[in-house]
Amino acid sequence: MGFIKKEFLIGVLVSVFATLSALFIYIEFFSIFNFQETLNAINEKGLIGKIVTLAAVPNLFVFFIYIKKKQDYRARGVLFTTILIAFTTFVIKLF
């Protein structure tokens with residue numbers, strides 16, 4: 001695998017990890033219910049898009065850290081994942 005592809009993939013993986021971590025922290029620490037009950041309530045109320053969008057906010061910090069360190073290909077991976085999350089959220093809201 002080439003250097004550019006590897007760096008891009010690292011950015012994507014870090015972005016996915018940051019999003020999933022933020023999602024877990026939100027559900028685990030800011031909900032009065034347990035994890036499974038919270039997921040069920042989110043699904044019943046149709047809040048999945050909003051929660052995933054909120055969970056993608058840490059990608060902004062990761063993106064700027066990569067830009068500041070001049071790791072442009074990793075920043076592209078983070079940006080790609082963030083756009084993919086935004087598009088997925090749009091599709092979820094649409095249907």
# chains A, B, ... in the order shown; residues from 1 in each chain; ligands from 1
call {"tool": "residues_around", "arguments": {"residues": "Arg76 of chain A", "least_positions_apart": "3", "cutoff": "10 Å", "atoms": "only C-alpha atoms", "output": "VMD selection string"}}
result
chain A and resid 7 to 9 11 to 12 63 66 to 67 71 to 73 79 to 82
call {"tool": "residues_around", "arguments": {"residues": "Ile85 of chain A", "least_positions_apart": "6", "cutoff": "12 Å", "atoms": "only C-alpha atoms", "output": "PyMOL selection string"}}
result
chain A and resi 12+15-16+19-20+48-57+59+78-79+91-92
call {"tool": "closest_residue", "arguments": {"among": "A:Phe87, A:Ile25, A:Phe95, A:Gln36", "to": "Pro58 of chain A", "atoms": "only C-alpha atoms"}}
result
A:Ile25
call {"tool": "select_by_dssp", "arguments": {"residues": "segment 1-92 of chain A", "states": "helix (DSSP H, G or I)", "output": "MDAnalysis selection string"}}
result
chainID A and resid 3:29 35:45 48:55 58:68 72:92
call {"tool": "atom_distance", "arguments": {"atom1": "atom CA of Phe3 of chain A", "atom2": "atom CA of Thr88 of chain A"}}
result
28.3 Å
